[in-house]
$ cat final-v5.cif   # mmCIF, C-alpha atoms and all ligand atoms
data_coords
loop_
_atom_site.label_atom_id
_atom_site.label_comp_id
_atom_site.auth_asym_id
_atom_site.auth_seq_id
_atom_site.Cartn_x
_atom_site.Cartn_y
_atom_site.Cartn_z
CA MET A 1 -38.20 0.54 -21.69
CA ARG A 2 -37.80 1.03 -17.95
CA VAL A 3 -34.96 -0.90 -16.35
CA LEU A 4 -34.61 -2.01 -12.75
CA LEU A 5 -30.96 -2.45 -11.81
CA THR A 6 -30.07 -4.24 -8.58
CA GLY A 7 -26.59 -3.89 -7.11
CA ALA A 8 -26.26 -0.50 -8.83
CA ASN A 9 -24.05 0.98 -6.13
CA GLY A 10 -21.52 -1.88 -6.24
CA PHE A 11 -18.40 -2.16 -8.38
CA VAL A 12 -19.94 -3.82 -11.46
CA GLY A 13 -23.41 -2.30 -11.02
CA SER A 14 -22.06 1.26 -10.93
CA HIS A 15 -20.59 0.76 -14.42
CA ILE A 16 -23.85 -0.70 -15.68
CA LEU A 17 -25.57 2.38 -14.31
CA ASP A 18 -23.06 4.62 -16.16
CA GLU A 19 -23.89 2.76 -19.37
CA LEU A 20 -27.68 2.95 -18.87
CA CYS A 21 -27.51 6.68 -18.09
CA GLN A 22 -25.17 7.38 -21.03
CA ARG A 23 -27.68 5.71 -23.34
CA GLY A 24 -30.55 7.69 -21.81
CA ILE A 25 -32.40 4.57 -20.68
CA GLU A 26 -35.01 5.19 -17.98
CA THR A 27 -33.71 3.42 -14.91
CA ALA A 28 -34.76 2.59 -11.37
CA ILE A 29 -32.25 1.24 -8.86
CA LEU A 30 -32.83 -0.88 -5.78
CA LEU A 31 -30.87 0.38 -2.79
CA ARG A 32 -30.90 -0.71 0.82
CA SER A 33 -31.18 1.92 3.53
CA THR A 34 -27.54 1.10 4.37
CA SER A 35 -26.23 1.21 0.76
CA SER A 36 -23.41 3.67 0.11
CA THR A 37 -23.94 5.88 -2.96
CA LEU A 38 -20.33 7.00 -3.21
CA LEU A 39 -19.73 5.35 -6.61
CA ILE A 40 -22.98 6.55 -8.19
CA SER A 41 -23.51 10.04 -6.77
CA GLN A 42 -23.31 11.58 -10.27
CA HIS A 43 -26.44 9.68 -11.36
CA LEU A 44 -28.71 10.06 -8.35
CA ASN A 45 -30.79 12.83 -9.92
CA GLN A 46 -31.23 10.84 -13.15
CA VAL A 47 -32.70 7.66 -11.67
CA GLU A 48 -35.53 6.57 -9.44
CA ILE A 49 -34.28 5.15 -6.16
CA ILE A 50 -36.36 2.32 -4.76
CA ARG A 51 -35.61 1.44 -1.17
CA GLY A 52 -35.64 -2.29 -0.53
CA SER A 53 -33.66 -5.45 -0.20
CA LEU A 54 -33.41 -8.82 -1.90
CA ASN A 55 -34.47 -10.29 1.41
CA ASP A 56 -37.65 -8.22 1.64
CA ILE A 57 -40.12 -9.57 -0.89
CA SER A 58 -42.72 -6.85 -0.40
CA SER A 59 -40.14 -4.20 -1.36
CA LEU A 60 -39.33 -6.24 -4.47
CA ARG A 61 -42.99 -6.53 -5.51
CA LYS A 62 -43.25 -2.75 -5.36
CA ALA A 63 -39.92 -2.35 -7.17
CA VAL A 64 -40.94 -4.38 -10.23
CA GLU A 65 -44.40 -2.85 -10.72
CA LYS A 66 -43.59 -0.41 -13.53
CA ILE A 67 -40.53 -2.18 -14.87
CA THR A 68 -40.03 -3.73 -18.32
CA HIS A 69 -36.45 -5.05 -17.99
CA ILE A 70 -34.39 -6.21 -15.01
CA ILE A 71 -30.64 -6.46 -14.63
CA HIS A 72 -30.12 -8.40 -11.43
CA CYS A 73 -26.53 -7.62 -10.55
CA ALA A 74 -26.77 -7.59 -6.74
CA GLY A 75 -24.98 -10.45 -5.09
CA LEU A 76 -22.69 -11.40 -2.27
CA VAL A 77 -19.08 -11.95 -3.35
CA ARG A 78 -17.62 -12.29 0.14
CA ALA A 79 -19.24 -13.84 3.23
CA LEU A 80 -18.43 -15.37 6.58
CA ASN A 81 -20.20 -18.66 5.86
CA PRO A 82 -22.19 -20.53 3.19
CA THR A 83 -25.53 -19.53 4.76
CA GLU A 84 -24.84 -15.86 4.04
CA PHE A 85 -23.95 -16.61 0.40
CA PHE A 86 -27.11 -18.66 -0.14
CA LYS A 87 -29.32 -16.11 1.61
CA VAL A 88 -28.49 -13.49 -0.99
CA ASN A 89 -27.36 -15.32 -4.13
CA ARG A 90 -30.05 -18.01 -4.12
CA ASP A 91 -32.86 -16.85 -1.80
CA GLY A 92 -32.56 -13.18 -2.79
CA THR A 93 -32.75 -14.18 -6.46
CA GLN A 94 -35.73 -16.39 -5.66
CA ASN A 95 -37.50 -13.46 -3.98
CA LEU A 96 -36.90 -11.25 -7.00
CA VAL A 97 -38.11 -13.94 -9.41
CA SER A 98 -41.26 -14.47 -7.28
CA ALA A 99 -41.88 -10.72 -7.26
CA VAL A 100 -41.56 -10.63 -11.06
CA ASN A 101 -43.88 -13.61 -11.44
CA SER A 102 -46.53 -12.12 -9.18
CA ALA A 103 -46.26 -8.35 -9.63
CA GLY A 104 -44.11 -7.72 -12.70
CA LYS A 105 -46.87 -7.67 -15.30
CA ASN A 106 -44.81 -5.46 -17.65
CA VAL A 107 -41.51 -7.30 -17.26
CA GLU A 108 -40.25 -8.69 -20.57
CA ARG A 109 -36.67 -9.62 -19.80
CA PHE A 110 -34.71 -10.72 -16.73
CA ILE A 111 -30.89 -10.70 -16.82
CA LEU A 112 -29.10 -12.54 -14.05
CA PHE A 113 -25.49 -11.84 -13.17
CA SER A 114 -23.97 -15.18 -12.35
CA SER A 115 -20.27 -16.08 -12.45
CA LEU A 116 -17.68 -18.41 -13.95
CA ALA A 117 -17.47 -19.71 -10.36
CA ALA A 118 -20.94 -21.25 -10.86
CA SER A 119 -19.55 -23.31 -13.72
CA GLY A 120 -16.32 -24.14 -11.90
CA PRO A 121 -12.64 -24.16 -12.81
CA SER A 122 -11.28 -25.13 -16.21
CA SER A 123 -8.41 -27.45 -16.96
CA GLN A 124 -5.07 -25.88 -17.88
CA ASP A 125 -5.67 -26.04 -21.62
CA GLN A 126 -9.45 -26.45 -22.02
CA PRO A 127 -11.56 -23.35 -21.31
CA ARG A 128 -15.01 -23.93 -19.79
CA ARG A 129 -17.93 -23.90 -22.20
CA GLU A 130 -21.50 -23.01 -21.27
CA GLU A 131 -22.74 -26.56 -21.86
CA ASP A 132 -20.15 -28.14 -19.52
CA GLU A 133 -21.68 -29.75 -16.44
CA PRO A 134 -21.29 -27.19 -13.63
CA SER A 135 -18.88 -28.19 -10.88
CA PRO A 136 -18.38 -25.21 -8.55
CA ILE A 137 -15.67 -25.62 -5.92
CA SER A 138 -16.58 -22.80 -3.51
CA TYR A 139 -19.65 -21.89 -1.48
CA TYR A 140 -19.82 -18.70 -3.52
CA GLY A 141 -19.87 -20.70 -6.79
CA GLU A 142 -22.47 -23.11 -5.40
CA SER A 143 -24.71 -20.24 -4.32
CA LYS A 144 -24.42 -18.54 -7.73
CA LEU A 145 -25.31 -21.85 -9.42
CA ALA A 146 -28.29 -22.18 -7.08
CA GLY A 147 -29.38 -18.68 -8.19
CA GLU A 148 -29.14 -19.78 -11.83
CA LYS A 149 -31.29 -22.84 -11.09
CA VAL A 150 -33.97 -20.66 -9.50
CA VAL A 151 -34.11 -18.48 -12.60
CA ILE A 152 -34.12 -21.44 -15.00
CA GLY A 153 -36.74 -23.32 -12.99
CA GLU A 154 -39.08 -20.56 -11.88
CA CYS A 155 -38.76 -17.36 -13.89
CA LYS A 156 -41.86 -16.90 -16.04
CA VAL A 157 -40.41 -14.11 -18.20
CA ASN A 158 -37.63 -14.32 -20.78
CA TYR A 159 -34.33 -14.59 -19.00
CA THR A 160 -30.63 -14.53 -19.84
CA ILE A 161 -27.79 -15.57 -17.55
CA LEU A 162 -24.38 -13.89 -17.82
CA ARG A 163 -21.32 -15.56 -16.33
CA PRO A 164 -18.33 -13.23 -16.06
CA PRO A 165 -14.96 -14.42 -14.74
CA ALA A 166 -12.99 -12.15 -12.36
CA VAL A 167 -13.70 -8.51 -13.20
CA TYR A 168 -11.15 -5.69 -13.01
CA GLY A 169 -11.30 -1.97 -13.71
CA PRO A 170 -11.93 1.43 -12.14
CA ARG A 171 -13.61 1.27 -8.68
CA ASP A 172 -12.44 -2.31 -8.01
CA GLY A 173 -10.89 -2.88 -4.60
CA GLU A 174 -9.76 -6.50 -5.16
CA PHE A 175 -7.18 -6.21 -7.96
CA LEU A 176 -6.16 -2.93 -6.33
CA ARG A 177 -4.02 -5.00 -3.93
CA LEU A 178 -2.01 -6.35 -6.86
CA PHE A 179 -1.58 -2.86 -8.33
CA LYS A 180 -0.35 -1.66 -4.94
CA ALA A 181 2.06 -4.59 -4.56
CA VAL A 182 3.62 -3.82 -7.95
CA LYS A 183 3.79 -0.13 -7.08
CA ASN A 184 5.72 -1.24 -3.97
CA HIS A 185 8.11 -3.17 -6.26
CA ILE A 186 6.72 -6.64 -5.43
CA LEU A 187 5.80 -9.05 -8.21
CA PRO A 188 3.70 -11.78 -6.56
CA MET A 189 4.29 -15.23 -8.07
CA PHE A 190 2.12 -17.57 -6.04
CA GLY A 191 2.40 -21.12 -7.35
CA GLY A 192 4.54 -19.71 -10.16
CA GLY A 193 1.63 -17.44 -11.16
CA LYS A 194 0.96 -19.75 -14.12
CA GLN A 195 -2.74 -20.56 -13.56
CA PRO A 196 -4.46 -19.61 -16.83
CA LEU A 197 -7.18 -17.00 -16.35
CA SER A 198 -10.00 -15.34 -18.21
CA LEU A 199 -10.73 -11.81 -17.05
CA VAL A 200 -13.12 -9.10 -18.11
CA TYR A 201 -12.67 -5.35 -18.09
CA VAL A 202 -15.62 -3.88 -16.21
CA LYS A 203 -16.70 -1.41 -18.90
CA ASP A 204 -16.82 -4.23 -21.50
CA LEU A 205 -18.96 -6.24 -19.09
CA ALA A 206 -21.31 -3.33 -18.44
CA SER A 207 -21.85 -2.59 -22.12
CA THR A 208 -22.44 -6.29 -22.84
CA ALA A 209 -25.08 -6.45 -20.09
CA VAL A 210 -26.91 -3.45 -21.56
CA GLU A 211 -26.60 -4.81 -25.13
CA THR A 212 -28.16 -8.04 -23.88
CA LEU A 213 -31.31 -6.10 -22.95
CA PHE A 214 -31.87 -5.48 -26.65
CA ALA A 215 -30.73 -8.82 -28.07
CA SER A 216 -33.61 -10.97 -29.21
CA LYS A 217 -31.93 -14.38 -29.39
CA THR A 218 -30.77 -14.60 -25.79
CA THR A 219 -33.88 -16.03 -24.22
CA GLY A 220 -33.21 -18.88 -21.81
CA LYS A 221 -29.50 -18.82 -22.55
CA ILE A 222 -26.31 -18.75 -20.53
CA TYR A 223 -23.28 -16.82 -21.80
CA PHE A 224 -19.74 -16.38 -20.57
CA VAL A 225 -18.72 -12.72 -20.87
CA ALA A 226 -14.95 -12.30 -20.88
CA SER A 227 -12.05 -10.97 -22.86
CA PRO A 228 -11.02 -13.50 -25.53
CA GLU A 229 -7.42 -12.89 -24.39
CA PHE A 230 -6.28 -15.37 -21.72
CA THR A 231 -3.69 -14.38 -19.16
CA THR A 232 -2.19 -15.62 -15.88
CA ALA A 233 -1.82 -13.94 -12.50
CA LEU A 234 1.83 -13.39 -13.39
CA GLY A 235 0.93 -12.05 -16.85
CA PHE A 236 -1.50 -9.62 -15.27
CA ALA A 237 1.09 -8.47 -12.69
CA LYS A 238 3.77 -8.10 -15.40
CA THR A 239 1.44 -5.96 -17.51
CA ILE A 240 0.80 -3.71 -14.49
CA LYS A 241 4.57 -3.47 -14.01
CA GLU A 242 5.06 -2.57 -17.68
CA VAL A 243 2.31 0.07 -17.60
CA MET A 244 3.62 1.52 -14.30
CA ASN A 245 7.19 1.32 -15.55
CA VAL A 246 8.60 0.24 -12.18
CA TRP A 247 11.25 -2.28 -11.15
CA THR A 248 10.06 -5.27 -9.14
CA VAL A 249 11.39 -8.15 -7.09
CA PRO A 250 9.57 -11.47 -7.54
CA LEU A 251 7.82 -12.81 -4.43
CA CYS A 252 7.75 -16.56 -5.03
CA LEU A 253 5.60 -18.83 -2.90
CA PRO A 254 4.42 -22.32 -3.80
CA VAL A 255 0.63 -22.42 -3.83
CA GLN A 256 0.67 -24.74 -0.78
CA GLY A 257 2.50 -21.98 1.08
CA LEU A 258 -0.67 -19.92 0.82
CA TYR A 259 -2.69 -22.41 2.86
CA PRO A 260 -1.51 -21.26 6.32
CA VAL A 261 -1.95 -17.64 5.25
CA CYS A 262 -5.52 -18.34 4.13
CA LEU A 263 -6.28 -20.31 7.30
CA CYS A 264 -4.99 -17.52 9.56
CA GLN A 265 -6.96 -14.89 7.62
CA GLU A 266 -10.09 -17.04 7.91
CA ILE A 267 -9.70 -17.45 11.68
CA PHE A 268 -9.07 -13.71 12.03
CA SER A 269 -12.16 -12.96 9.93
CA LYS A 270 -14.31 -15.28 12.10
CA ILE A 271 -13.09 -13.46 15.23
CA THR A 272 -13.61 -9.97 13.80
CA LYS A 273 -16.79 -11.07 11.94
CA LYS A 274 -15.49 -9.33 8.79
CA PRO A 275 -15.47 -11.42 5.59
CA THR A 276 -12.02 -11.82 4.03
CA VAL A 277 -10.90 -12.44 0.46
CA LEU A 278 -8.16 -14.86 1.48
CA ASP A 279 -9.71 -17.89 3.14
CA ARG A 280 -9.65 -21.62 2.51
CA GLN A 281 -12.31 -21.19 -0.20
CA LYS A 282 -9.97 -18.82 -2.00
CA TYR A 283 -7.15 -21.32 -1.52
CA LYS A 284 -9.21 -23.92 -3.40
CA GLU A 285 -9.70 -21.44 -6.24
CA LEU A 286 -6.01 -20.56 -6.32
CA SER A 287 -5.03 -24.23 -6.49
CA ALA A 288 -7.43 -25.06 -9.33
CA PRO A 289 -5.74 -25.84 -12.67
CA GLY A 290 -7.30 -22.85 -14.45
CA TRP A 291 -10.15 -20.34 -14.66
CA THR A 292 -10.66 -19.81 -18.36
CA CYS A 293 -13.87 -19.71 -20.36
CA ASP A 294 -14.68 -19.90 -24.04
CA VAL A 295 -16.47 -16.79 -25.31
CA SER A 296 -17.33 -18.02 -28.80
CA LYS A 297 -21.04 -18.50 -27.95
CA ILE A 298 -21.74 -14.85 -27.13
CA LYS A 299 -19.59 -13.75 -30.07
CA ASN A 300 -21.27 -16.07 -32.59
CA GLU A 301 -24.85 -15.70 -31.39
CA LEU A 302 -24.93 -12.02 -30.38
CA GLY A 303 -21.86 -10.58 -32.08
CA LEU A 304 -20.66 -9.28 -28.71
CA ILE A 305 -16.92 -9.15 -28.01
CA CYS A 306 -15.09 -7.68 -25.03
CA LYS A 307 -12.65 -5.59 -27.02
CA THR A 308 -10.49 -3.90 -24.39
CA SER A 309 -7.03 -5.48 -24.36
CA LEU A 310 -5.42 -6.34 -21.04
CA LYS A 311 -2.90 -3.53 -21.51
CA GLN A 312 -5.58 -0.94 -22.33
CA GLY A 313 -7.73 -2.12 -19.41
CA ILE A 314 -4.83 -1.89 -16.99
CA GLU A 315 -3.85 1.57 -18.32
CA GLN A 316 -7.39 2.87 -17.82
CA THR A 317 -7.70 1.26 -14.39
CA LEU A 318 -4.38 2.69 -13.24
CA GLN A 319 -5.30 6.12 -14.53
CA TRP A 320 -8.49 5.97 -12.44
CA TYR A 321 -6.68 4.69 -9.32
CA TYR A 322 -4.26 7.62 -9.62
CA SER A 323 -6.96 10.20 -10.31
CA GLU A 324 -9.05 9.06 -7.33
CA ARG A 325 -5.91 8.66 -5.20
CA TRP A 326 -6.62 4.98 -4.51
CA ILE A 327 -2.93 4.67 -5.45
CA LYS A 328 -0.64 7.56 -4.53
N1 LIG B 1 -16.45 -8.68 -9.11
C1 LIG B 1 -16.21 -9.80 -9.75
O1 LIG B 1 -15.05 -10.15 -10.01
C2 LIG B 1 -17.36 -10.66 -10.21
C3 LIG B 1 -17.07 -11.77 -11.03
C4 LIG B 1 -18.14 -12.55 -11.48
C5 LIG B 1 -19.44 -12.25 -11.12
N2 LIG B 1 -19.68 -11.18 -10.31
C6 LIG B 1 -21.08 -10.90 -9.94
O2 LIG B 1 -21.36 -9.55 -10.27
C7 LIG B 1 -22.28 -9.01 -9.33
C8 LIG B 1 -21.74 -7.72 -8.75
O3 LIG B 1 -20.50 -7.96 -8.10
P1 LIG B 1 -19.59 -6.77 -7.55
O4 LIG B 1 -18.19 -7.18 -7.67
O5 LIG B 1 -20.04 -5.48 -8.16
O6 LIG B 1 -19.98 -6.80 -6.00
P2 LIG B 1 -20.12 -5.59 -4.96
O7 LIG B 1 -19.29 -4.43 -5.36
O8 LIG B 1 -19.90 -6.22 -3.63
O9 LIG B 1 -21.63 -5.17 -5.11
C9 LIG B 1 -22.65 -6.02 -4.64
C10 LIG B 1 -23.97 -5.31 -4.77
O10 LIG B 1 -25.02 -6.19 -4.34
C11 LIG B 1 -25.82 -5.50 -3.40
N3 LIG B 1 -26.44 -6.41 -2.43
C12 LIG B 1 -25.84 -7.34 -1.67
N4 LIG B 1 -26.75 -7.94 -0.87
C13 LIG B 1 -27.94 -7.36 -1.13
C14 LIG B 1 -29.27 -7.53 -0.63
N5 LIG B 1 -29.55 -8.43 0.31
N6 LIG B 1 -30.25 -6.75 -1.14
C15 LIG B 1 -29.98 -5.82 -2.10
N7 LIG B 1 -28.76 -5.61 -2.61
C16 LIG B 1 -27.75 -6.37 -2.14
C17 LIG B 1 -24.85 -4.56 -2.69
O11 LIG B 1 -25.59 -3.55 -2.02
P3 LIG B 1 -25.05 -2.91 -0.63
O12 LIG B 1 -24.07 -1.85 -1.02
O13 LIG B 1 -26.26 -2.39 0.02
O14 LIG B 1 -24.39 -4.03 0.14
C18 LIG B 1 -24.07 -4.05 -3.89
O15 LIG B 1 -24.77 -3.07 -4.58
C19 LIG B 1 -22.51 -10.10 -8.27
O16 LIG B 1 -23.72 -10.77 -8.58
C20 LIG B 1 -21.33 -11.02 -8.45
O17 LIG B 1 -21.64 -12.34 -8.06
C21 LIG B 1 -18.68 -10.38 -9.85
#
$ encode --input "final-v5.cif" --output "structure tokens" --more "lines below"
Ligand SMILES: NC(=O)c1ccc[n+]([C@@H]2O[C@H](COP(=O)([O-])OP(=O)(O)OC[C@H]3O[C@@H](n4cnc5c(N)ncnc54)[C@H](OP(=O)(O)O)[C@@H]3O)[C@@H](O)[C@H]2O)c1
Amino acid sequence: MRVLLTGANGFVGSHILDELCQRGIETAILLRSTSSTLLISQHLNQVEIIRGSLNDISSLRKAVEKITHIIHCAGLVRALNPTEFFKVNRDGTQNLVSAVNSAGKNVERFILFSSLAASGPSSQDQPRREEDEPSPISYYGESKLAGEKVVIGECKVNYTILRPPAVYGPRDGEFLRLFKAVKNHILPMFGGGKQPLSLVYVKDLASTAVETLFASKTTGKIYFVASPEFTTALGFAKTIKEVMNVWTVPLCLPVQGLYPVCLCQEIFSKITKKPTVLDRQKYKELSAPGWTCDVSKIKNELGLICKTSLKQGIEQTLQWYYSERWIK
């Protein structure tokens, strides 16, 4: 087995790389000339580094030559406009699939990292299931769904699609804001904080992705990968508060109150040409009734369960933030 991991230097990919290296699996990683290796420096002497990009098909043809398994984790999670999302999440995936079809004569398995966003939001009380008709509500979700369609329609080797919901854990810079707010005694309660959520702890996600390499019954299938425990934004923040053992003051804002904030951030991001997390796309996601998914398919078919409880995950994340001084 020789695995090609894309997106290895990113948040999720770096944990997959940890898992592959821990298990002694021969691994090659695709890095751009501009990619930072800060999160993966400990592994650089254990892996082959292949320079290339999802938007450079000749680099991808070379990258897949001696590969037997691919975990395609690279993707764009933040962008200035839909074109940027589609360029990476759809067209980049298409380039990789074409490279596999034309030059990947040894490739046996292709794993695509998609997202719950490709499926779309859930209702308040009905988690999304894999067979539900996809109805993404953001450009990001649409581009991830388009990536799935490329794999389903064109990939000539066995493929599996994984759809995680929001991911948290060590090395994540998104939920870090919430940890910092709680540390500063603020308990955000946007829209009451009651939107039901599925989440996944990053190390559970990474080990599931690697397990999927070995699972024989996953061919042509889509799986949600998440903790079976549902929470809410408020529940998550309260667990952080409990683990940190700090007092907090609730910051209540109706979800509509976020719209002007998101609009201003979006305008600012267009001026500075730096993608933002809070924009009108994010507002749509925050006003959806829920973001939960049913994980019984992956549990029943593959016996895979994301076992880390929310409290354990938050404890481990906080420990890491403190040790790396991301939170002081
Ligand atoms: N984080 C979440 O909550 C979440 C939830 C569901 C699904 N996902 C999916 O999980 C995957 C990883 O997300 P993440 O949170 O780890 O994101 P991330 O930290 O932003 O990492 C993204 C990775 O993709 C690489 N990449 C982007 N454009 C590329 C290109 N044109 N060519 C080659 N590599 C490229 C980046 O490389 P550079 O460093 O060179 O830019 C980086 O390694 C994505 O597919 C995402 O859609 C994430």
$ residues_near_ligand --input "final-v5.cif" --ligand "ligand LIG 1 (chain B)" --cutoff "9 Å" --atoms "all atoms listed in the file" --output "number ranges by chain"
A: 6-15, 30-37, 52-56, 72-78, 87-89, 92, 112-117, 140-141, 144, 162-168, 171-174, 199-200, 202
$ atom_distance --input "final-v5.cif" --atom1 "CA of Pro170 (chain A)" --atom2 "CA of Thr317 (chain A)"
4.8 Å
$ closest_residue --input "final-v5.cif" --among "A:Asn184, A:Ser198, A:Gln94, A:Ala103" --to "Val150 (chain A)" --atoms "all atoms listed in the file"
A:Gln94
$ atom_distance --input "final-v5.cif" --atom1 "CA of Ile267 (chain A)" --atom2 "CA of Pro82 (chain A)"
15.4 Å
$ residues_around --input "final-v5.cif" --residues "Ser58 (chain A)" --least-positions-apart "3" --cutoff "8 Å" --atoms "only C-alpha atoms" --output "list in words"
Arg61, Lys62 and Ala99 of chain A
$ write_last_selection --input "final-v5.cif" --atoms "C-alpha atoms" --output "mmCIF file, keeping the file's coordinate frame"
data_model
loop_
_atom_site.group_PDB
_atom_site.id
_atom_site.type_symbol
_atom_site.label_atom_id
_atom_site.label_comp_id
_atom_site.auth_asym_id
_atom_site.auth_seq_id
_atom_site.Cartn_x
_atom_site.Cartn_y
_atom_site.Cartn_z
ATOM 1 C CA ARG A 61 -42.990 -6.530 -5.510
ATOM 2 C CA LYS A 62 -43.250 -2.750 -5.360
ATOM 3 C CA ALA A 99 -41.880 -10.720 -7.260
#
$ residues_around --input "final-v5.cif" --residues "Ser227 (chain A)" --least-positions-apart "6" --cutoff "9 Å" --atoms "all atoms listed in the file" --output "PyMOL selection string"
chain A and resi 198-201+204+295+305-310
$ residues_around --input "final-v5.cif" --residues "Ala288 (chain A)" --least-positions-apart "2" --cutoff "8 Å" --atoms "only C-alpha atoms" --output "PDB file with C-alpha atoms, keeping the file's coordinate frame"
ATOM      1  CA  PRO A 121     -12.640 -24.160 -12.810  1.00  0.00           C
ATOM      2  CA  SER A 122     -11.280 -25.130 -16.210  1.00  0.00           C
ATOM      3  CA  GLN A 195      -2.740 -20.560 -13.560  1.00  0.00           C
ATOM      4  CA  LYS A 284      -9.210 -23.920  -3.400  1.00  0.00           C
ATOM      5  CA  GLU A 285      -9.700 -21.440  -6.240  1.00  0.00           C
ATOM      6  CA  LEU A 286      -6.010 -20.560  -6.320  1.00  0.00           C
ATOM      7  CA  GLY A 290      -7.300 -22.850 -14.450  1.00  0.00           C
ATOM      8  CA  TRP A 291     -10.150 -20.340 -14.660  1.00  0.00           C
TER       9      TRP A 291
END
$ residues_around --input "final-v5.cif" --residues "Thr212 (chain A)" --least-positions-apart "2" --cutoff "10 Å" --atoms "only C-alpha atoms" --output "list in words"
Ile71, Arg109, Ile111, Thr160, Ile161, Leu162, Ala206, Ser207, Thr208, Ala209, Val210, Phe214, Ala215, Ser216, Lys217, Thr218, Thr219, Ile298, Leu302 and Leu304 of chain A
$ atom_distance --input "final-v5.cif" --atom1 "CA of Phe86 (chain A)" --atom2 "CA of Tyr223 (chain A)"
22.1 Å
$ residues_around --input "final-v5.cif" --residues "Gly153 (chain A)" --least-positions-apart "4" --cutoff "12 Å" --atoms "all atoms listed in the file" --output "ChimeraX atom specification"
/A:93-94,97-98,146-149,157-159,220
$ write_last_selection --input "final-v5.cif" --atoms "C-alpha atoms" --output "PDB file, keeping the file's coordinate frame"
ATOM      1  CA  THR A  93     -32.750 -14.180  -6.460  1.00  0.00           C
ATOM      2  CA  GLN A  94     -35.730 -16.390  -5.660  1.00  0.00           C
ATOM      3  CA  VAL A  97     -38.110 -13.940  -9.410  1.00  0.00           C
ATOM      4  CA  SER A  98     -41.260 -14.470  -7.280  1.00  0.00           C
ATOM      5  CA  ALA A 146     -28.290 -22.180  -7.080  1.00  0.00           C
ATOM      6  CA  GLY A 147     -29.380 -18.680  -8.190  1.00  0.00           C
ATOM      7  CA  GLU A 148     -29.140 -19.780 -11.830  1.00  0.00           C
ATOM      8  CA  LYS A 149     -31.290 -22.840 -11.090  1.00  0.00           C
ATOM      9  CA  VAL A 157     -40.410 -14.110 -18.200  1.00  0.00           C
ATOM     10  CA  ASN A 158     -37.630 -14.320 -20.780  1.00  0.00           C
ATOM     11  CA  TYR A 159     -34.330 -14.590 -19.000  1.00  0.00           C
ATOM     12  CA  GLY A 220     -33.210 -18.880 -21.810  1.00  0.00           C
TER      13      GLY A 220
END
$ closest_residue --input "final-v5.cif" --among "A:Leu278, A:Leu80, A:Ile57, A:Val225" --to "Leu96 (chain A)" --atoms "only C-alpha atoms"
A:Ile57
$ closest_residue --input "final-v5.cif" --among "A:Lys241, A:Lys66, A:Lys203, A:Lys156" --to "Leu187 (chain A)" --atoms "only C-alpha atoms"
A:Lys241
$ closest_residue --input "final-v5.cif" --among "A:Val107, A:Ala118, A:Val151, A:Ile327" --to "Ser135 (chain A)" --atoms "only C-alpha atoms"
A:Ala118
$ closest_residue --input "final-v5.cif" --among "A:Phe190, A:Ala237, A:Glu266, A:Gln256" --to "Arg177 (chain A)" --atoms "all atoms listed in the file"
A:Ala237
$ closest_residue --input "final-v5.cif" --among "A:Lys221, A:Lys180, A:Lys105, A:Arg2" --to "Arg325 (chain A)" --atoms "only C-alpha atoms"
A:Lys180
$ decode --input "final-v5.cif" --residues "region 26-49 of chain A" --atoms "C-alpha atoms" --output "PDB file, in the first residue's frame"
ATOM      1  CA  GLU A  26       3.987   4.424   3.183  1.00  0.00           C
ATOM      2  CA  THR A  27       2.737   7.869   2.264  1.00  0.00           C
ATOM      3  CA  ALA A  28       3.298  10.569  -0.326  1.00  0.00           C
ATOM      4  CA  ILE A  29       1.844  14.043   0.139  1.00  0.00           C
ATOM      5  CA  LEU A  30       0.951  16.644  -2.464  1.00  0.00           C
ATOM      6  CA  LEU A  31       2.163  20.100  -1.485  1.00  0.00           C
ATOM      7  CA  ARG A  32       2.136  23.352  -3.394  1.00  0.00           C
ATOM      8  CA  SER A  33       5.301  25.433  -3.525  1.00  0.00           C
ATOM      9  CA  THR A  34       3.483  27.921  -1.256  1.00  0.00           C
ATOM     10  CA  SER A  35       2.165  25.333   1.258  1.00  0.00           C
ATOM     11  CA  SER A  36       3.182  25.884   4.877  1.00  0.00           C
ATOM     12  CA  THR A  37       4.548  22.772   6.608  1.00  0.00           C
ATOM     13  CA  LEU A  38       4.187  24.138  10.124  1.00  0.00           C
ATOM     14  CA  LEU A  39       1.611  21.532  11.204  1.00  0.00           C
ATOM     15  CA  ILE A  40       3.440  18.547   9.718  1.00  0.00           C
ATOM     16  CA  SER A  41       7.132  19.302  10.264  1.00  0.00           C
ATOM     17  CA  GLN A  42       7.525  16.191  12.462  1.00  0.00           C
ATOM     18  CA  HIS A  43       6.661  13.923   9.519  1.00  0.00           C
ATOM     19  CA  LEU A  44       8.606  15.497   6.671  1.00  0.00           C
ATOM     20  CA  ASN A  45      11.423  12.954   6.818  1.00  0.00           C
ATOM     21  CA  GLN A  46       8.957  10.039   6.843  1.00  0.00           C
ATOM     22  CA  VAL A  47       7.017  10.891   3.684  1.00  0.00           C
ATOM     23  CA  GLU A  48       7.638  11.629   0.043  1.00  0.00           C
ATOM     24  CA  ILE A  49       6.780  15.207  -0.849  1.00  0.00           C
TER      25      ILE A  49
END
